[in-house]
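Q: Supplied structure: my_file_1.cif, mmCIF, C-alpha atoms.
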```
data_data
loop_
_atom_site.group_PDB
_atom_site.id
_atom_site.type_symbol
_atom_site.label_atom_id
_atom_site.label_comp_id
_atom_site.auth_asym_id
_atom_site.auth_seq_id
_atom_site.Cartn_x
_atom_site.Cartn_y
_atom_site.Cartn_z
ATOM 1 C CA MET A 773 41.531 -28.073 -9.843
ATOM 2 C CA THR A 774 43.598 -25.263 -11.315
ATOM 3 C CA PRO A 775 45.269 -22.271 -9.655
ATOM 4 C CA ALA A 776 42.378 -20.154 -10.966
ATOM 5 C CA ASP A 777 39.907 -22.514 -9.243
ATOM 6 C CA LEU A 778 41.837 -22.174 -5.994
ATOM 7 C CA GLU A 779 41.743 -18.399 -6.262
ATOM 8 C CA LEU A 780 37.989 -18.364 -6.923
ATOM 9 C CA ARG A 781 37.312 -20.670 -3.981
ATOM 10 C CA LEU A 782 39.523 -18.739 -1.557
ATOM 11 C CA VAL A 783 38.096 -15.371 -2.591
ATOM 12 C CA GLU A 784 34.563 -16.746 -2.220
ATOM 13 C CA VAL A 785 35.325 -17.899 1.336
ATOM 14 C CA LEU A 786 36.713 -14.430 2.097
ATOM 15 C CA ARG A 787 33.621 -12.796 0.578
ATOM 16 C CA SER A 788 31.459 -14.992 2.786
ATOM 17 C CA HIS A 789 33.263 -13.548 5.795
ATOM 18 C CA TRP A 790 32.506 -9.976 4.735
ATOM 19 C CA ARG A 791 28.932 -10.866 3.738
ATOM 20 C CA THR A 792 28.328 -12.422 7.152
ATOM 21 C CA ARG A 793 29.704 -9.350 8.928
ATOM 22 C CA ALA A 794 27.664 -7.005 6.720
ATOM 23 C CA GLY A 795 24.490 -9.055 7.194
ATOM 24 C CA LEU A 796 24.897 -9.068 10.950
ATOM 25 C CA ALA A 797 25.532 -5.319 11.006
ATOM 26 C CA LEU A 798 22.455 -4.718 8.846
ATOM 27 C CA MET A 799 20.327 -6.928 11.086
ATOM 28 C CA ARG A 800 21.496 -5.036 14.176
ATOM 29 C CA SER A 801 20.726 -1.663 12.622
ATOM 30 C CA ALA A 802 17.214 -2.597 11.489
ATOM 31 C CA PRO A 803 16.021 -5.951 12.839
ATOM 32 C CA PRO A 804 13.237 -7.386 10.653
ATOM 33 C CA PHE A 805 11.308 -8.495 13.745
ATOM 34 C CA ALA A 806 10.769 -7.720 17.405
ATOM 35 C CA PRO A 807 12.984 -10.273 19.160
ATOM 36 C CA GLY A 808 11.149 -10.427 22.491
ATOM 37 C CA SER A 809 11.160 -13.771 24.256
ATOM 38 C CA THR A 810 9.836 -15.770 21.316
ATOM 39 C CA LEU A 811 11.421 -19.194 21.092
ATOM 40 C CA LEU A 812 13.088 -20.131 17.869
ATOM 41 C CA GLU A 813 11.873 -23.092 15.891
ATOM 42 C CA TYR A 814 14.534 -24.720 13.774
ATOM 43 C CA GLN A 815 13.214 -26.736 10.879
ATOM 44 C CA GLY A 816 15.023 -29.266 8.764
ATOM 45 C CA LEU A 817 17.613 -30.066 11.408
ATOM 46 C CA SER A 818 17.987 -33.643 12.482
ATOM 47 C CA GLY A 819 18.876 -34.228 16.089
ATOM 48 C CA VAL A 820 20.749 -37.179 17.485
ATOM 49 C CA GLY A 821 21.288 -37.973 21.138
ATOM 50 C CA VAL A 822 22.238 -34.841 23.068
ATOM 51 C CA THR A 823 21.323 -32.605 20.114
ATOM 52 C CA LEU A 824 17.655 -33.643 19.944
ATOM 53 C CA ASN A 825 16.236 -30.593 21.718
ATOM 54 C CA PHE A 826 19.224 -28.446 22.527
ATOM 55 C CA MET A 827 18.138 -25.470 20.419
ATOM 56 C CA GLN A 828 14.380 -25.662 20.891
ATOM 57 C CA THR A 829 14.601 -23.698 24.132
ATOM 58 C CA GLU A 830 16.561 -20.779 22.704
ATOM 59 C CA SER A 831 14.816 -17.431 22.451
ATOM 60 C CA VAL A 832 15.464 -14.968 19.655
ATOM 61 C CA VAL A 833 17.257 -12.711 22.158
ATOM 62 C CA GLN A 834 19.508 -15.588 23.241
ATOM 63 C CA ALA A 835 20.196 -16.559 19.639
ATOM 64 C CA LEU A 836 21.161 -12.995 18.707
ATOM 65 C CA ALA A 837 23.466 -12.762 21.724
ATOM 66 C CA ALA A 838 25.079 -16.073 20.721
ATOM 67 C CA VAL A 839 25.570 -14.841 17.145
ATOM 68 C CA ASP A 840 27.199 -11.660 18.458
ATOM 69 C CA GLN A 841 29.529 -13.713 20.631
ATOM 70 C CA TYR A 842 30.335 -16.065 17.745
ATOM 71 C CA GLU A 843 31.157 -13.136 15.482
ATOM 72 C CA LYS A 844 33.525 -11.663 18.066
ATOM 73 C CA GLU A 845 35.174 -14.892 19.177
ATOM 74 C CA ARG A 846 35.128 -17.397 16.313
ATOM 75 C CA LEU A 847 34.007 -16.106 12.905
ATOM 76 C CA THR A 848 37.428 -14.932 11.725
ATOM 77 C CA SER A 849 39.236 -18.052 12.915
ATOM 78 C CA ASP A 850 36.585 -20.316 11.398
ATOM 79 C CA ILE A 851 36.961 -18.531 8.055
ATOM 80 C CA PHE A 852 40.728 -18.972 8.367
ATOM 81 C CA LEU A 853 40.222 -22.713 8.835
ATOM 82 C CA LEU A 854 37.923 -22.811 5.790
ATOM 83 C CA LEU A 855 40.656 -21.132 3.738
ATOM 84 C CA ILE A 856 43.126 -23.772 4.914
ATOM 85 C CA ALA A 857 40.666 -26.549 4.044
ATOM 86 C CA GLU A 858 40.347 -25.219 0.481
ATOM 87 C CA TYR A 859 44.130 -24.973 0.245
ATOM 88 C CA GLU A 860 44.577 -28.559 1.470
ATOM 89 C CA THR A 861 42.040 -29.768 -1.097
ATOM 90 C CA TYR A 862 43.983 -27.959 -3.806
ATOM 91 C CA LEU A 863 47.336 -29.412 -2.731
ATOM 92 C CA SER A 864 45.872 -32.897 -2.577
ATOM 93 C CA ASN A 865 44.322 -32.497 -6.021
ATOM 94 C CA ARG A 866 47.508 -31.203 -7.639
ATOM 95 C CA LEU A 867 49.588 -33.994 -6.089
ATOM 96 C CA GLN A 868 47.143 -36.645 -7.267
ATOM 97 C CA ALA A 869 47.267 -35.143 -10.759
ATOM 98 C CA VAL A 870 50.977 -36.055 -10.946
ATOM 99 C CA GLY A 871 50.558 -39.522 -9.504
ATOM 100 C CA ARG A 872 51.279 -38.820 -5.843
ATOM 101 C CA PRO A 873 48.928 -39.928 -3.057
ATOM 102 C CA GLY A 874 47.912 -36.400 -2.030
ATOM 103 C CA GLU A 875 47.235 -37.524 1.525
ATOM 104 C CA GLY A 876 48.477 -36.523 4.950
ATOM 105 C CA THR A 877 48.630 -33.515 7.192
ATOM 106 C CA LEU A 878 48.851 -29.986 5.874
ATOM 107 C CA GLY A 879 52.592 -30.030 6.537
ATOM 108 C CA GLN A 880 52.982 -33.318 4.685
ATOM 109 C CA LEU A 881 50.987 -32.021 1.708
ATOM 110 C CA MET A 882 53.093 -28.849 1.601
ATOM 111 C CA ASN A 883 56.349 -30.791 1.867
ATOM 112 C CA ASP A 884 55.253 -33.265 -0.792
ATOM 113 C CA SER A 885 54.180 -30.487 -3.155
ATOM 114 C CA ALA A 886 57.482 -28.668 -2.617
ATOM 115 C CA ALA A 887 59.349 -31.872 -3.490
ATOM 116 C CA ALA A 888 57.079 -32.867 -6.396
ATOM 117 C CA PHE A 889 57.245 -29.465 -8.059
ATOM 118 C CA SER A 890 60.741 -28.379 -6.973
ATOM 119 C CA LEU A 891 59.427 -25.381 -5.071
ATOM 120 C CA SER A 892 61.512 -22.971 -3.047
ATOM 121 C CA GLY A 893 61.483 -19.341 -2.097
ATOM 122 C CA THR A 894 59.353 -16.711 -0.481
ATOM 123 C CA GLU A 895 55.948 -18.318 -1.039
ATOM 124 C CA LEU A 896 57.048 -21.436 0.828
ATOM 125 C CA ILE A 897 58.266 -19.363 3.759
ATOM 126 C CA LEU A 898 55.062 -17.315 3.894
ATOM 127 C CA ALA A 899 52.846 -20.396 3.520
ATOM 128 C CA GLY A 900 54.893 -22.043 6.269
ATOM 129 C CA GLU A 901 53.924 -19.238 8.637
ATOM 130 C CA ILE A 902 50.259 -19.762 7.745
ATOM 131 C CA ARG A 903 50.600 -23.505 8.388
ATOM 132 C CA GLU A 904 52.218 -22.941 11.778
ATOM 133 C CA ARG A 905 49.588 -20.335 12.721
ATOM 134 C CA ARG A 906 46.936 -22.914 11.847
ATOM 135 C CA ASN A 907 48.757 -25.519 13.943
ATOM 136 C CA CYS A 908 48.859 -23.116 16.886
ATOM 137 C CA TRP A 909 45.150 -22.448 16.514
ATOM 138 C CA ILE A 910 44.228 -26.140 16.281
ATOM 139 C CA HIS A 911 46.690 -27.679 18.733
ATOM 140 C CA HIS A 912 47.761 -24.921 21.145
ATOM 141 C CA CYS A 913 44.665 -22.775 21.826
ATOM 142 C CA GLY A 914 45.930 -20.083 19.456
ATOM 143 C CA ARG A 915 49.195 -19.594 21.358
ATOM 144 C CA ALA A 916 52.604 -19.277 19.704
ATOM 145 C CA THR A 917 54.946 -22.239 19.843
ATOM 146 C CA ASP A 918 58.661 -22.364 19.116
ATOM 147 C CA LYS A 919 57.851 -23.635 15.602
ATOM 148 C CA TYR A 920 55.509 -20.714 15.019
ATOM 149 C CA MET A 921 58.042 -18.238 16.352
ATOM 150 C CA ALA A 922 60.637 -19.552 13.871
ATOM 151 C CA ALA A 923 58.156 -19.511 10.971
ATOM 152 C CA ALA A 924 56.988 -15.982 11.823
ATOM 153 C CA THR A 925 60.557 -14.706 12.120
ATOM 154 C CA ALA A 926 61.339 -16.135 8.674
ATOM 155 C CA ALA A 927 58.160 -14.624 7.174
ATOM 156 C CA VAL A 928 58.411 -11.122 8.672
ATOM 157 C CA PRO A 929 60.691 -9.581 5.987
ATOM 158 C CA ASN A 930 58.292 -10.498 3.157
ATOM 159 C CA SER A 931 54.927 -10.265 4.893
ATOM 160 C CA SER A 932 54.210 -6.548 4.366
ATOM 161 C CA GLY A 933 53.637 -6.139 8.101
ATOM 162 C CA PHE A 934 50.939 -8.815 8.392
ATOM 163 C CA VAL A 935 53.264 -11.092 10.352
ATOM 164 C CA VAL A 936 55.190 -9.815 13.352
ATOM 165 C CA PRO A 937 57.661 -11.470 15.708
ATOM 166 C CA VAL A 938 55.960 -12.972 18.743
ATOM 167 C CA ALA A 939 56.913 -14.470 22.079
ATOM 168 C CA ARG A 940 56.180 -18.042 23.073
ATOM 169 C CA GLY A 941 52.595 -18.308 24.308
ATOM 170 C CA GLN A 942 51.463 -15.083 22.664
ATOM 171 C CA ASP A 943 48.058 -15.093 20.935
ATOM 172 C CA VAL A 944 48.414 -15.688 17.185
ATOM 173 C CA ALA A 945 44.729 -15.995 16.299
ATOM 174 C CA PRO A 946 44.098 -14.763 12.761
ATOM 175 C CA THR A 947 42.647 -11.266 12.482
ATOM 176 C CA GLU A 948 40.328 -9.774 9.886
ATOM 177 C CA ALA A 949 43.273 -7.908 8.384
ATOM 178 C CA TYR A 950 45.253 -11.154 8.154
ATOM 179 C CA LEU A 951 42.622 -13.007 6.085
ATOM 180 C CA PRO A 952 43.167 -11.173 2.744
ATOM 181 C CA TYR A 953 46.931 -11.549 3.248
ATOM 182 C CA CYS A 954 46.426 -15.278 3.841
ATOM 183 C CA VAL A 955 44.371 -15.584 0.627
ATOM 184 C CA ASP A 956 47.058 -13.736 -1.325
ATOM 185 C CA VAL A 957 49.843 -15.994 -0.037
ATOM 186 C CA LEU A 958 47.912 -19.193 -0.666
ATOM 187 C CA VAL A 959 46.958 -18.098 -4.177
ATOM 188 C CA ARG A 960 50.576 -17.187 -4.990
ATOM 189 C CA TYR A 961 51.729 -20.551 -3.624
ATOM 190 C CA GLY A 962 49.015 -22.293 -5.632
ATOM 191 C CA ARG A 963 50.193 -20.665 -8.831
ATOM 192 C CA LEU A 964 53.585 -22.334 -8.385
ATOM 193 C CA LEU A 965 52.001 -25.769 -8.837
ATOM 194 C CA PRO A 966 51.481 -26.657 -12.500
#
```
So, in terms of structure tokens, how does the structure I just supplied come out?

A:
Amino acid sequence: MTPADLELRLVEVLRSHWRTRAGLALMRSAPPFAPGSTLLEYQGLSGVGVTLNFMQTESVVQALAAVDQYEKERLTSDIFLLLIAEYETYLSNRLQAVGRPGEGTLGQLMNDSAAAFSLSGTELILAGEIRERRNCWIHHCGRATDKYMAAATAAVPNSSGFVVPVARGQDVAPTEAYLPYCVDVLVRYGRLLP
């Protein structure tokens, strides 16, 4: 995987975010059906245990309400996590290409890539903020930790306003405006790896 591949994959994930939002907005403005109380029938989904019939009792109205809630509460953060997954794949690939294991946590992959490729500077600081934001989202219900506060403080001067100082416990969930910034930082970091 090359830096150009990383860029294409990250931009495609970001496009999927905007496509999903646009599709949902279009569906709301002119639904292609009358939702009513019709129950949805999902085909091609295999159920196991508790998932055998969990969706078969959902009406179109309920499904649309759930999609609205998902869009408001989770879509942006899920896209953020997809961006991080692509980035981790890239780091692992580049490390393996130079004979390193390319395994471990995101922090371990970033530290190993910094050591393997003698990286330093702004991109590392900015990517460090992204890593700590991800850690807050995964491990601390989206709330700022001391590590995040330090990473954000270090990133603020070079973040073009996308990162701001926060207090411990403050919500640091990624926003729609943050996603393109995140892609830009990860692509710039990726370009540092030969």

Q: What is the CA of Gly893 in chain A to CA of Leu863 in chain A distance in Å?

A: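 We find that CA of Gly893 in chain A and CA of Leu863 in chain A lie 17.4 Å from each other.
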
Q: Here is a test: counting only C-alpha atoms, which residue of A:Val870, A:Ser801, A:Ala939, A:Leu854 is nearest to Glu784 in chain A?

A: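 Ranking A:Val870, A:Ser801, A:Ala939, A:Leu854 by distance to Glu784 in chain A, first place goes to A:Leu854.
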
Q: Using all atoms listed in the file, which protein or nucleic acid residues come within 8 Å of range 894-907 of chain A? Drop anything in the same chain fewer than 6 positions from it, and give the result as an NGL selection string.

A: :A and (853 or 856 or 878-879 or 914 or 916 or 919-920 or 923-924 or 926-927 or 930-931 or 944-946 or 954 or 957-958 or 960-961)

Q: Every residue with an atom at most 12 Å from (48.6, -34.5, -8.6) (file coordinates; only C-alpha atoms) is what I'm after, so could you write them as an NGL selection string?

A: :A and (773-774 or 861-875 or 881 or 884-885 or 888-889 or 965-966)

Q: Kindly indicate which residue among A:Ala776, A:Met921, A:Ala857, A:Leu811 lies nearest to Val833 in chain A, using only C-alpha atoms for the distances.

A: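 Under the stated criterion, the closest residue is A:Leu811.
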
Q: Compare A:Arg940, A:Arg800, A:Arg793, A:His912 by their minimum atom-to-atom distance to Tyr842 in chain A, counting all atoms listed in the file, and give me the closest one.

A: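 With all atoms listed in the file as the atom set, the closest residue is A:Arg793.
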
Q: Please determine, counting all atoms listed in the file, which residue among A:Cys908, A:Val839, A:Ala886, A:Val936 has the shortest atom-to-atom distance to Gly795 in chain A.

A: A:Val839

Q: CA of Glu779 in chain A to CA of Val959 in chain A: how many Å, to one decimal?

A: 5.6 Å

Q: Pick out the closest residue to Val832 in chain A from this set: A:Val928, A:Thr810, A:Gln880, A:Gly962. Count all atoms listed in the file.

A: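 Closest residue, counting all atoms listed in the file: A:Thr810.
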
Q: Calculate how many Å separate CA of Ala835 in chain A from CA of Leu786 in chain A, rounding to one decimal.

A: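 One can read the CA of Ala835 in chain A to CA of Leu786 in chain A distance as 24.2 Å.
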
Q: Starting from the PyMOL selection byres ((chain A and resi 949-951) around 8), expand the selection into actual residues of this file and give them as a list of chain:residue names.

A: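 Applied to this file, the PyMOL selection byres ((chain A and resi 949-951) around 8) returns A:Leu786, A:Thr848, A:Phe852, A:Phe934, A:Pro946, A:Thr947, A:Glu948, A:Pro952, A:Tyr953, A:Cys954, A:Val955.
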
Q: Which one of A:Ser818, A:Met882, A:Ile910, A:Thr917 sits closest to Tyr859 in chain A if you count only C-alpha atoms?

A: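 Closest candidate: A:Met882.
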
Q: Is it possible to get the axis-aligned box enclosing range 935-945 of chain A (all listed atoms, 6 Å extra per side) as JSON, with centre and edge lengths in Å rounded to one decimal?

A:
```
{"center_x": 51.2, "center_y": -14.1, "center_z": 17.3, "size_x": 24.9, "size_y": 20.5, "size_z": 26.0}
```
